[in-house]
file final.txt (compact mmCIF, C-alpha atoms (C1' of nucleotides))
# COMPACT_ATOMS: atom_id res chain seq x y z
CA MET A 1 -67.70 20.70 -61.07
CA THR A 2 -70.31 21.48 -58.45
CA LEU A 3 -72.65 18.83 -57.16
CA THR A 4 -76.18 19.11 -55.87
CA ALA A 5 -77.50 16.89 -53.11
CA LYS A 6 -78.97 14.57 -55.68
CA GLY A 7 -75.69 14.38 -57.50
CA LEU A 8 -73.80 13.59 -54.34
CA ALA A 9 -76.23 10.79 -53.56
CA THR A 10 -75.76 9.28 -56.99
CA ARG A 11 -72.03 9.51 -56.69
CA GLN A 12 -72.15 7.78 -53.34
CA ARG A 13 -74.39 5.07 -54.74
CA ILE A 14 -71.84 4.40 -57.45
CA VAL A 15 -68.96 4.20 -55.01
CA ASP A 16 -70.87 1.82 -52.73
CA ALA A 17 -71.83 -0.51 -55.54
CA ALA A 18 -68.34 -0.45 -57.01
CA ALA A 19 -66.85 -1.29 -53.63
CA ARG A 20 -69.19 -4.21 -53.28
CA LEU A 21 -68.47 -5.52 -56.75
CA ILE A 22 -64.75 -5.26 -56.18
CA GLN A 23 -65.02 -7.09 -52.88
CA ASP A 24 -66.87 -9.91 -54.57
CA ASN A 25 -65.14 -10.23 -57.91
CA GLY A 26 -61.88 -8.35 -57.60
CA ALA A 27 -60.93 -5.04 -59.14
CA ALA A 28 -59.63 -6.62 -62.32
CA ASP A 29 -62.96 -8.31 -62.98
CA THR A 30 -65.07 -5.27 -62.26
CA SER A 31 -65.80 -3.26 -65.36
CA LEU A 32 -67.41 0.12 -65.58
CA ASP A 33 -70.29 -1.60 -67.30
CA ASP A 34 -70.77 -3.84 -64.29
CA VAL A 35 -70.92 -0.80 -62.04
CA ARG A 36 -73.30 0.89 -64.43
CA ALA A 37 -75.60 -2.12 -64.43
CA ALA A 38 -75.48 -2.51 -60.65
CA THR A 39 -76.41 1.10 -60.05
CA ALA A 40 -78.88 1.61 -62.87
CA THR A 41 -76.93 4.58 -64.10
CA SER A 42 -75.61 5.54 -67.49
CA LYS A 43 -72.14 5.75 -68.87
CA SER A 44 -72.21 9.49 -68.90
CA GLN A 45 -72.91 9.61 -65.20
CA LEU A 46 -69.83 7.57 -64.40
CA PHE A 47 -67.67 10.01 -66.29
CA HIS A 48 -69.58 12.95 -64.97
CA TYR A 49 -68.83 12.09 -61.35
CA PHE A 50 -65.44 10.53 -62.04
CA PRO A 51 -63.90 12.58 -64.83
CA ASP A 52 -60.79 10.46 -65.06
CA GLY A 53 -62.91 7.38 -65.45
CA ARG A 54 -61.88 4.10 -63.99
CA ALA A 55 -58.82 5.41 -62.15
CA ASP A 56 -60.90 8.05 -60.45
CA LEU A 57 -63.51 5.57 -59.39
CA LEU A 58 -60.96 3.14 -57.99
CA LEU A 59 -59.41 5.92 -55.99
CA ALA A 60 -62.78 6.87 -54.55
CA VAL A 61 -63.41 3.26 -53.65
CA ALA A 62 -60.00 3.04 -51.99
CA GLU A 63 -60.75 6.08 -49.86
CA HIS A 64 -64.14 4.65 -49.01
CA GLU A 65 -62.61 1.34 -47.91
CA ALA A 66 -59.91 3.05 -45.89
CA ALA A 67 -62.55 4.97 -44.00
CA GLN A 68 -64.43 1.74 -43.38
CA VAL A 69 -61.41 0.11 -41.83
CA LEU A 70 -61.08 2.78 -39.20
CA ALA A 71 -64.82 3.20 -38.69
CA ALA A 72 -65.20 -0.47 -37.84
CA GLN A 73 -62.90 -0.05 -34.85
CA GLN A 74 -64.64 2.92 -33.34
CA PRO A 75 -65.06 3.79 -30.60
CA TRP A 76 -62.68 1.18 -29.16
CA LEU A 77 -59.66 2.45 -31.05
CA ASP A 78 -59.66 5.78 -29.29
CA ASP A 79 -59.56 4.42 -25.79
CA LEU A 80 -56.83 1.81 -25.54
CA THR A 81 -55.72 2.74 -22.06
CA THR A 82 -56.31 -0.42 -20.05
CA ALA A 83 -55.78 -4.13 -20.58
CA VAL A 84 -59.53 -4.54 -20.60
CA SER A 85 -60.10 -1.95 -23.30
CA TRP A 86 -57.40 -3.57 -25.40
CA GLU A 87 -59.22 -6.88 -25.14
CA LYS A 88 -62.48 -5.27 -26.12
CA TRP A 89 -60.83 -3.71 -29.12
CA ARG A 90 -59.32 -7.06 -30.03
CA GLY A 91 -62.73 -8.65 -29.77
CA ALA A 92 -64.24 -6.03 -32.05
CA VAL A 93 -61.52 -6.48 -34.63
CA MET A 94 -61.83 -10.25 -34.63
CA ARG A 95 -65.58 -10.16 -34.83
CA HIS A 96 -65.44 -7.71 -37.69
CA TYR A 97 -63.06 -9.69 -39.84
CA VAL A 98 -64.51 -13.09 -39.10
CA GLU A 99 -67.89 -11.78 -40.11
CA LEU A 100 -66.67 -10.19 -43.32
CA GLY A 101 -64.45 -13.09 -44.30
CA ASP A 102 -62.61 -12.41 -47.51
CA ARG A 103 -64.74 -9.37 -48.17
CA CYS A 104 -62.94 -7.17 -45.68
CA PRO A 105 -62.06 -3.67 -46.82
CA LEU A 106 -58.51 -3.96 -45.55
CA GLY A 107 -57.71 -6.99 -47.65
CA VAL A 108 -59.34 -5.50 -50.70
CA LEU A 109 -57.46 -2.29 -50.20
CA THR A 110 -54.01 -3.80 -49.99
CA ALA A 111 -54.45 -6.64 -52.43
CA GLU A 112 -56.69 -5.18 -55.10
CA LEU A 113 -56.40 -1.42 -54.95
CA GLY A 114 -53.04 -0.73 -53.36
CA LYS A 115 -50.93 -0.88 -56.46
CA THR A 116 -53.34 0.49 -59.02
CA SER A 117 -51.94 4.01 -58.86
CA PRO A 118 -49.67 6.25 -56.80
CA GLU A 119 -52.76 7.92 -55.38
CA THR A 120 -54.23 4.71 -53.98
CA ARG A 121 -50.81 3.81 -52.65
CA GLU A 122 -50.91 7.07 -50.77
CA VAL A 123 -54.31 6.21 -49.35
CA VAL A 124 -53.00 2.94 -48.00
CA SER A 125 -49.94 4.57 -46.49
CA THR A 126 -52.00 7.21 -44.73
CA LEU A 127 -54.33 4.56 -43.41
CA TYR A 128 -51.39 2.70 -41.93
CA ASP A 129 -50.04 5.88 -40.40
CA THR A 130 -53.20 7.00 -38.65
CA TRP A 131 -53.97 3.48 -37.54
CA GLU A 132 -50.48 2.99 -36.16
CA SER A 133 -50.69 6.32 -34.37
CA ALA A 134 -53.88 5.32 -32.65
CA LEU A 135 -52.37 2.04 -31.54
CA ALA A 136 -49.21 3.80 -30.40
CA ARG A 137 -51.21 6.14 -28.19
CA GLY A 138 -52.60 3.03 -26.55
CA THR A 139 -49.31 1.25 -26.06
CA GLN A 140 -47.76 4.39 -24.65
CA ALA A 141 -50.64 4.78 -22.22
CA MET A 142 -49.97 1.25 -21.04
CA GLY A 143 -46.42 2.14 -20.10
CA ILE A 144 -44.76 -0.87 -21.66
CA GLU A 145 -41.31 -1.12 -23.19
CA ARG A 146 -40.82 -0.16 -26.83
CA PRO A 147 -44.40 1.04 -27.28
CA LEU A 148 -43.90 2.19 -30.86
CA GLU A 149 -42.49 -1.13 -31.99
CA VAL A 150 -45.26 -3.03 -30.26
CA ALA A 151 -47.93 -0.89 -31.90
CA ARG A 152 -46.36 -1.44 -35.28
CA SER A 153 -46.07 -5.18 -34.80
CA ILE A 154 -49.74 -5.37 -33.86
CA LEU A 155 -50.62 -3.61 -37.07
CA VAL A 156 -48.41 -5.99 -39.02
CA ALA A 157 -50.07 -8.98 -37.38
CA ILE A 158 -53.51 -7.77 -38.34
CA GLN A 159 -52.52 -7.02 -41.89
CA GLY A 160 -50.82 -10.40 -42.20
CA GLY A 161 -53.70 -12.26 -40.66
CA VAL A 162 -56.22 -10.54 -42.87
CA VAL A 163 -54.37 -11.15 -46.07
CA MET A 164 -53.90 -14.79 -45.14
CA LEU A 165 -57.56 -15.03 -44.28
CA ARG A 166 -58.30 -13.72 -47.73
CA ALA A 167 -55.96 -16.18 -49.36
CA THR A 168 -56.90 -19.32 -47.48
CA GLY A 169 -60.22 -18.69 -45.80
CA ARG A 170 -58.64 -19.68 -42.49
CA VAL A 171 -59.12 -17.36 -39.57
CA ALA A 172 -56.47 -19.01 -37.40
CA TYR A 173 -53.68 -16.82 -38.74
CA LEU A 174 -55.34 -13.60 -37.68
CA GLU A 175 -56.35 -15.10 -34.38
CA THR A 176 -52.92 -16.38 -33.37
CA GLY A 177 -51.00 -13.52 -34.92
CA LEU A 178 -52.97 -10.85 -33.15
CA ASP A 179 -53.00 -12.83 -29.92
CA LEU A 180 -49.25 -13.17 -29.71
CA ALA A 181 -48.64 -9.62 -30.88
CA LEU A 182 -50.63 -8.43 -27.89
CA THR A 183 -48.59 -10.37 -25.30
CA PRO A 184 -46.43 -7.38 -24.34
CA LEU A 185 -49.61 -5.68 -23.16
CA ARG A 186 -50.54 -8.54 -20.87
CA LYS A 187 -47.28 -8.85 -18.97
CA PRO A 188 -47.14 -7.50 -15.47
CA GLU A 189 -44.89 -4.49 -15.83
CA MET B 1 -48.91 -33.93 -74.46
CA THR B 2 -45.29 -35.02 -74.34
CA LEU B 3 -42.52 -32.49 -74.19
CA THR B 4 -38.99 -32.72 -75.49
CA ALA B 5 -36.07 -31.05 -73.77
CA LYS B 6 -36.41 -28.10 -76.07
CA GLY B 7 -40.11 -27.84 -75.37
CA LEU B 8 -39.52 -27.89 -71.64
CA ALA B 9 -36.96 -25.14 -71.98
CA THR B 10 -39.38 -22.97 -73.92
CA ARG B 11 -42.10 -23.58 -71.40
CA GLN B 12 -39.78 -22.59 -68.61
CA ARG B 13 -38.75 -19.48 -70.46
CA ILE B 14 -42.37 -18.48 -70.76
CA VAL B 15 -43.05 -19.03 -67.07
CA ASP B 16 -39.99 -17.02 -66.06
CA ALA B 17 -40.87 -14.10 -68.27
CA ALA B 18 -44.50 -14.13 -67.19
CA ALA B 19 -43.44 -14.15 -63.54
CA ARG B 20 -41.21 -11.18 -64.14
CA LEU B 21 -43.87 -9.25 -65.99
CA ILE B 22 -46.40 -9.91 -63.27
CA GLN B 23 -43.98 -8.80 -60.60
CA ASP B 24 -43.40 -5.55 -62.43
CA ASN B 25 -46.83 -4.69 -63.76
CA GLY B 26 -49.29 -6.85 -61.88
CA ALA B 27 -51.23 -9.82 -63.12
CA ALA B 28 -54.13 -7.74 -64.35
CA ASP B 29 -51.86 -5.68 -66.58
CA THR B 30 -49.99 -8.61 -68.01
CA SER B 31 -51.54 -9.85 -71.22
CA LEU B 32 -50.67 -12.96 -73.15
CA ASP B 33 -49.41 -10.69 -75.84
CA ASP B 34 -46.99 -9.09 -73.41
CA VAL B 35 -45.67 -12.51 -72.49
CA ARG B 36 -45.45 -13.44 -76.13
CA ALA B 37 -43.46 -10.33 -76.93
CA ALA B 38 -41.13 -10.75 -73.95
CA THR B 39 -40.29 -14.31 -74.86
CA ALA B 40 -40.19 -13.99 -78.64
CA THR B 41 -42.69 -16.79 -78.97
CA SER B 42 -45.90 -17.14 -80.89
CA LYS B 43 -49.48 -17.34 -79.77
CA SER B 44 -49.70 -21.00 -80.62
CA GLN B 45 -46.81 -21.83 -78.32
CA LEU B 46 -48.54 -20.29 -75.35
CA PHE B 47 -51.56 -22.45 -75.92
CA HIS B 48 -49.42 -25.43 -76.77
CA TYR B 49 -47.68 -25.38 -73.41
CA PHE B 50 -50.64 -24.01 -71.46
CA PRO B 51 -53.72 -25.58 -73.03
CA ASP B 52 -56.13 -23.74 -70.77
CA GLY B 53 -54.53 -20.47 -71.74
CA ARG B 54 -54.20 -17.66 -69.29
CA ALA B 55 -55.48 -19.60 -66.28
CA ASP B 56 -52.97 -22.34 -66.88
CA LEU B 57 -50.11 -19.92 -67.20
CA LEU B 58 -51.04 -18.07 -64.04
CA LEU B 59 -51.16 -21.32 -62.14
CA ALA B 60 -47.72 -22.28 -63.40
CA VAL B 61 -46.42 -18.87 -62.36
CA ALA B 62 -47.97 -19.30 -58.93
CA GLU B 63 -46.26 -22.64 -58.44
CA HIS B 64 -43.03 -21.12 -59.65
CA GLU B 65 -43.28 -18.27 -57.16
CA ALA B 66 -44.20 -20.56 -54.30
CA ALA B 67 -41.10 -22.63 -54.95
CA GLN B 68 -39.04 -19.44 -54.99
CA VAL B 69 -40.28 -18.41 -51.58
CA LEU B 70 -39.06 -21.59 -49.96
CA ALA B 71 -35.89 -21.83 -52.03
CA ALA B 72 -34.79 -18.38 -50.88
CA GLN B 73 -34.72 -19.57 -47.27
CA GLN B 74 -32.65 -22.67 -47.82
CA PRO B 75 -30.64 -24.05 -46.21
CA TRP B 76 -31.39 -21.96 -43.11
CA LEU B 77 -35.01 -23.03 -42.89
CA ASP B 78 -34.14 -26.65 -42.23
CA ASP B 79 -31.89 -26.05 -39.27
CA LEU B 80 -33.66 -23.75 -36.83
CA THR B 81 -32.37 -25.45 -33.71
CA THR B 82 -30.43 -22.72 -31.94
CA ALA B 83 -30.90 -19.04 -31.25
CA VAL B 84 -27.99 -18.36 -33.56
CA SER B 85 -29.44 -20.30 -36.47
CA TRP B 86 -32.73 -18.49 -36.01
CA GLU B 87 -30.93 -15.17 -36.28
CA LYS B 88 -29.14 -16.31 -39.40
CA TRP B 89 -32.43 -17.34 -40.93
CA ARG B 90 -33.91 -14.00 -39.98
CA GLY B 91 -31.00 -12.25 -41.61
CA ALA B 92 -31.47 -14.24 -44.78
CA VAL B 93 -35.18 -13.47 -44.91
CA MET B 94 -34.66 -9.76 -44.34
CA ARG B 95 -31.88 -9.55 -46.87
CA HIS B 96 -33.99 -11.34 -49.42
CA TYR B 97 -37.03 -9.14 -49.13
CA VAL B 98 -35.19 -5.87 -48.80
CA GLU B 99 -33.31 -6.70 -51.95
CA LEU B 100 -36.40 -7.69 -53.90
CA GLY B 101 -38.49 -4.81 -52.63
CA ASP B 102 -41.99 -4.93 -53.98
CA ARG B 103 -41.03 -7.60 -56.46
CA CYS B 104 -41.01 -10.39 -53.93
CA PRO B 105 -42.66 -13.65 -54.96
CA LEU B 106 -44.57 -13.90 -51.71
CA GLY B 107 -46.30 -10.58 -52.14
CA VAL B 108 -47.09 -11.27 -55.76
CA LEU B 109 -48.44 -14.66 -54.88
CA THR B 110 -50.87 -13.51 -52.23
CA ALA B 111 -51.88 -10.21 -53.70
CA GLU B 112 -51.95 -10.90 -57.42
CA LEU B 113 -52.34 -14.61 -57.93
CA GLY B 114 -53.98 -15.90 -54.78
CA LYS B 115 -57.54 -15.27 -55.75
CA THR B 116 -57.40 -15.89 -59.47
CA SER B 117 -58.61 -19.47 -59.21
CA PRO B 118 -59.22 -22.26 -56.69
CA GLU B 119 -56.05 -23.93 -57.91
CA THR B 120 -53.82 -20.97 -57.14
CA ARG B 121 -55.55 -20.63 -53.81
CA GLU B 122 -54.51 -24.19 -53.13
CA VAL B 123 -50.93 -23.38 -54.03
CA VAL B 124 -50.87 -20.56 -51.50
CA SER B 125 -52.39 -22.71 -48.77
CA THR B 126 -49.87 -25.48 -49.32
CA LEU B 127 -47.05 -22.98 -49.24
CA TYR B 128 -48.26 -21.68 -45.90
CA ASP B 129 -48.57 -25.20 -44.55
CA THR B 130 -45.11 -26.41 -45.47
CA TRP B 131 -43.56 -23.14 -44.38
CA GLU B 132 -45.34 -23.18 -41.06
CA SER B 133 -44.32 -26.80 -40.52
CA ALA B 134 -40.68 -25.95 -41.03
CA LEU B 135 -40.92 -23.06 -38.58
CA ALA B 136 -42.77 -25.26 -36.10
CA ARG B 137 -39.99 -27.85 -36.17
CA GLY B 138 -37.67 -25.04 -35.19
CA THR B 139 -39.77 -23.63 -32.38
CA GLN B 140 -40.30 -27.09 -30.99
CA ALA B 141 -36.59 -27.76 -31.06
CA MET B 142 -36.10 -24.60 -29.03
CA GLY B 143 -38.29 -25.93 -26.26
CA ILE B 144 -40.34 -22.80 -25.79
CA GLU B 145 -43.94 -22.48 -24.73
CA ARG B 146 -46.70 -22.74 -27.31
CA PRO B 147 -44.31 -23.54 -30.15
CA LEU B 148 -47.02 -23.97 -32.76
CA GLU B 149 -48.59 -20.61 -32.05
CA VAL B 150 -45.23 -18.90 -32.11
CA ALA B 151 -44.37 -20.48 -35.46
CA ARG B 152 -47.67 -19.36 -36.89
CA SER B 153 -47.32 -15.83 -35.57
CA ILE B 154 -43.88 -15.57 -37.15
CA LEU B 155 -45.36 -16.56 -40.47
CA VAL B 156 -48.11 -13.99 -40.05
CA ALA B 157 -45.58 -11.30 -39.25
CA ILE B 158 -43.60 -12.03 -42.39
CA GLN B 159 -46.66 -12.10 -44.57
CA GLY B 160 -47.93 -8.88 -43.05
CA GLY B 161 -44.58 -7.18 -43.32
CA VAL B 162 -44.16 -8.21 -46.93
CA VAL B 163 -47.58 -7.09 -48.04
CA MET B 164 -47.09 -3.76 -46.30
CA LEU B 165 -43.70 -3.45 -47.90
CA ARG B 166 -45.39 -3.95 -51.24
CA ALA B 167 -48.04 -1.39 -50.46
CA THR B 168 -45.88 1.35 -49.03
CA GLY B 169 -42.31 0.63 -49.99
CA ARG B 170 -41.35 0.81 -46.32
CA VAL B 171 -39.33 -2.02 -44.90
CA ALA B 172 -39.89 -1.06 -41.26
CA TYR B 173 -43.06 -3.09 -40.95
CA LEU B 174 -41.35 -6.33 -41.86
CA GLU B 175 -38.39 -5.47 -39.72
CA THR B 176 -40.30 -4.70 -36.54
CA GLY B 177 -42.97 -7.30 -37.07
CA LEU B 178 -40.52 -10.12 -37.53
CA ASP B 179 -38.32 -8.84 -34.74
CA LEU B 180 -41.06 -8.83 -32.16
CA ALA B 181 -42.52 -12.11 -33.38
CA LEU B 182 -39.18 -13.72 -32.62
CA THR B 183 -38.97 -12.50 -29.01
CA PRO B 184 -40.25 -15.77 -27.53
CA LEU B 185 -37.17 -17.44 -29.01
CA ARG B 186 -34.80 -15.05 -27.31
CA LYS B 187 -36.08 -15.37 -23.77
CA PRO B 188 -34.06 -17.41 -21.36
CA GLU B 189 -36.21 -20.46 -20.86
C1' DC C 1 -92.49 31.58 -66.37
C1' DC C 2 -88.22 30.72 -68.46
C1' DC C 3 -83.35 30.17 -68.45
C1' DT C 4 -79.45 27.92 -66.85
C1' DC C 5 -76.78 24.39 -65.25
C1' DG C 6 -76.47 20.03 -63.10
C1' DT C 7 -78.12 15.51 -64.36
C1' DT C 8 -79.17 11.59 -67.26
C1' DG C 9 -79.57 8.53 -71.46
C1' DG C 10 -77.40 5.77 -74.65
C1' DA C 11 -75.22 5.23 -79.18
C1' DC C 12 -70.75 4.90 -81.04
C1' DG C 13 -65.74 4.06 -82.02
C1' DG C 14 -61.30 2.25 -81.48
C1' DC C 15 -58.55 -0.66 -79.05
C1' DC C 16 -56.96 -4.66 -76.86
C1' DT C 17 -57.81 -9.23 -75.21
C1' DG C 18 -58.07 -14.29 -74.94
C1' DG C 19 -58.62 -17.94 -77.84
C1' DT C 20 -58.99 -20.76 -82.42
C1' DC C 21 -57.05 -22.51 -86.46
C1' DC C 22 -54.25 -24.05 -90.28
C1' DA C 23 -49.94 -24.85 -92.11
C1' DA C 24 -44.95 -24.70 -92.18
C1' DA C 25 -40.49 -25.88 -90.01
C1' DC C 26 -37.78 -28.89 -87.32
C1' DG C 27 -35.57 -32.92 -85.38
C1' DG C 28 -34.91 -37.54 -83.95
C1' DC C 29 -35.45 -42.33 -85.10
C1' DG C 30 -35.98 -46.31 -87.85
C1' DC D 1 -33.30 -40.89 -96.41
C1' DG D 2 -38.12 -40.42 -95.18
C1' DC D 3 -41.61 -40.44 -91.74
C1' DC D 4 -44.06 -38.52 -87.79
C1' DG D 5 -44.89 -36.00 -83.85
C1' DT D 6 -43.29 -31.91 -81.55
C1' DT D 7 -42.48 -27.18 -82.13
C1' DT D 8 -43.32 -22.79 -84.20
C1' DG D 9 -45.47 -18.89 -86.92
C1' DG D 10 -48.98 -15.72 -87.38
C1' DA D 11 -53.47 -14.54 -89.40
C1' DC D 12 -57.96 -14.24 -87.78
C1' DC D 13 -62.25 -13.79 -84.97
C1' DA D 14 -65.60 -12.48 -81.62
C1' DG D 15 -66.27 -10.15 -77.55
C1' DG D 16 -65.56 -6.87 -74.06
C1' DC D 17 -63.58 -2.75 -72.51
C1' DC D 18 -62.82 2.34 -71.69
C1' DG D 19 -63.79 6.61 -73.06
C1' DT D 20 -66.18 10.26 -76.17
C1' DC D 21 -69.99 12.61 -77.71
C1' DC D 22 -74.35 14.82 -78.40
C1' DA D 23 -78.86 15.53 -77.03
C1' DA D 24 -82.65 15.44 -73.85
C1' DC D 25 -84.44 16.06 -69.12
C1' DG D 26 -85.41 18.53 -64.77
C1' DA D 27 -85.14 21.52 -60.94
C1' DG D 28 -84.23 25.78 -58.79
C1' DG D 29 -83.46 30.74 -59.00
C1' DG D 30 -84.36 35.23 -61.03
call {"tool": "encode", "arguments": {"input": "final.txt", "output": "structure tokens"}}
result
Amino acid sequence: MTLTAKGLATRQRIVDAAARLIQDNGAADTSLDDVRAATATSKSQLFHYFPDGRADLLLAVAEHEAAQVLAAQQPWLDDLTTAVSWEKWRGAVMRHYVELGDRCPLGVLTAELGKTSPETREVVSTLYDTWESALARGTQAMGIERPLEVARSILVAIQGGVVMLRATGRVAYLETGLDLALTPLRKPE
Amino acid sequence: MTLTAKGLATRQRIVDAAARLIQDNGAADTSLDDVRAATATSKSQLFHYFPDGRADLLLAVAEHEAAQVLAAQQPWLDDLTTAVSWEKWRGAVMRHYVELGDRCPLGVLTAELGKTSPETREVVSTLYDTWESALARGTQAMGIERPLEVARSILVAIQGGVVMLRATGRVAYLETGLDLALTPLRKPE
DNA sequence: CCCTCGTTGGACGGCCTGGTCCAAACGGCG
DNA sequence: CGCCGTTTGGACCAGGCCGTCCAACGAGGG
């Protein structure tokens, strides 16, 4: 299957709309017909660009969301070398998730798409890995003890805070969780 | 609607089976017919014991799972007064979730059931509240700084670790997250 | 200019789903 | 023993869903 520029654009439009619908209504309540209606496309186009149908589309959405998660942290994520840059990154993360509320890609990814297929599971795992690596580069640059564990615990705090934000609408979990997870980086060495 | 002992038993059987099915296949992939088949009941029984149908059943399952989460931590949760008792509790929590893997009630609750209705959302919120209160009693008894924040961050670490366990099958997130979240309780005061 | 291949339209079928409904079986209590 | 409400069985319906299929459209290259 080769795609022209026009085809690629259509495909992207479908993925975007599907992602939005899933954020709003959940993956279970998002039918191919909903996507079709939201994008003003036809059934045949959905299966033309996503031959395996629904599963294919969900996978594409998962990859799209995973990319969003990392993109939202750029360029701060790549320069976590000082206490100040860590705080800036933290500010960016908080701002991002407070703004998105329960529509955040990360929450959608883990809660809605994570278990739909082995492929999406893989997407989530890879996201965690690259994210954790980036954080670990930062903690190592800071010269603290147990940098790998600290990086991992920060990731866990974010994921926990986000999923709890999704479930309750309260932002306090993410706020406190991330705050305390970052304490090792604030200590005088 | 009044229920006899037999009726209550049947109802409970339905809830148990539904919970199990949802743990294994997800809420979206669990139909009333599946539940019916797994419990050797008839359609009319489902709607007899859960008049609002699917929504009612899911709510009952959510409450069931929420109770499970707290029950699994008893009696350790009510006696977090020393560093030793905290470690015992931690051991119990880890054992529990490692054993259950991705079938843990907490993960199911937040990922599958949390957003199905305002009522289930409420169940999740209340679970968080009572759980956090219990942890806060412990942190306060330990006389550490910022006990409320520490209690909350512990909760966030568990929730994050569990959801990541569900998504990836890896237990390391829960392990490290919970470990580091507990550091404030290990410091000499 | 036309031929080819990507693109689009939309009807159609078969399946499964949640939910309704009526009637039979059961069991305790007077 | 006979009544009555709970419990149970299962047929049935309407709607929505995914996926298939065939035919028309359009643009770009030869």
call {"tool": "residues_around", "arguments": {"input": "final.txt", "residues": "stretch 141-156 of chain A", "least_positions_apart": "4", "cutoff": "10 Å", "atoms": "only C-alpha atoms (C1' of nucleotides)", "output": "number ranges by chain"}}
result
A: 79-83, 86, 128-129, 131-137, 160-162, 177-189; B: 156-164, 172-181
call {"tool": "closest_residue", "arguments": {"input": "final.txt", "among": "A:Ser125, A:Thr4, A:Gln12, A:Thr30", "to": "chain C", "atoms": "only C-alpha atoms (C1' of nucleotides)"}}
result
A:Thr4
call {"tool": "atom_distance", "arguments": {"input": "final.txt", "atom1": "atom CA of A:Ala92", "atom2": "atom CA of B:Arg121"}}
result
27.6 Å
call {"tool": "interface_residues", "arguments": {"input": "final.txt", "of": "chain D", "to": "chain B", "cutoff": "9 Å", "atoms": "all atoms listed in the file", "output": "PDB file with C-alpha atoms (C1' of nucleotides), in the frame of the given file"}}
result
ATOM      1  C1'  DT D   6     -43.290 -31.910 -81.550  1.00  0.00           C
ATOM      2  C1'  DT D   7     -42.480 -27.180 -82.130  1.00  0.00           C
ATOM      3  C1'  DT D   8     -43.320 -22.790 -84.200  1.00  0.00           C
ATOM      4  C1'  DG D   9     -45.470 -18.890 -86.920  1.00  0.00           C
ATOM      5  C1'  DG D  10     -48.980 -15.720 -87.380  1.00  0.00           C
TER       6       DG D  10
END
call {"tool": "atom_distance", "arguments": {"input": "final.txt", "atom1": "atom CA of B:Lys115", "atom2": "atom CA of A:Ile22"}}
result
12.3 Å
call {"tool": "closest_atom_pairs", "arguments": {"input": "final.txt", "of": "stretch 6-54 of chain B", "to": "stretch 8-23 of chain C", "cutoff": "8 Å", "atoms": "all atoms listed in the file", "output": "tab-separated table"}}
result
residue	atom	partner	partner_atom	distance
B:Ser31	CA	C:DT17	C1'	7.5
B:Leu32	CA	C:DG18	C1'	7.7
B:Gly53	CA	C:DG19	C1'	7.8
B:Arg54	CA	C:DG18	C1'	7.6
call {"tool": "closest_residue", "arguments": {"input": "final.txt", "among": "B:Cys104, B:Leu58, B:Ala28, B:Leu109", "to": "chain A", "atoms": "all atoms listed in the file"}}
result
B:Ala28
call {"tool": "atom_distance", "arguments": {"input": "final.txt", "atom1": "atom CA of A:Arg90", "atom2": "atom CA of A:Ala71"}}
result
14.5 Å
call {"tool": "closest_residue", "arguments": {"input": "final.txt", "among": "A:Asp24, A:Glu99, A:Asp33, A:Asp16", "to": "chain B", "atoms": "only C-alpha atoms"}}
result
A:Asp24
call {"tool": "residues_near_point", "arguments": {"input": "final.txt", "point": "(-84.5, 17.0, -68.3)", "cutoff": "8 Å", "atoms": "only C-alpha atoms (C1' of nucleotides)", "output": "number ranges by chain"}}
result
C: 7-8; D: 24-26
call {"tool": "closest_residue", "arguments": {"input": "final.txt", "among": "B:Ala38, B:Met94, B:Ala67, B:Ala27", "to": "chain A", "atoms": "all atoms listed in the file"}}
result
B:Ala27
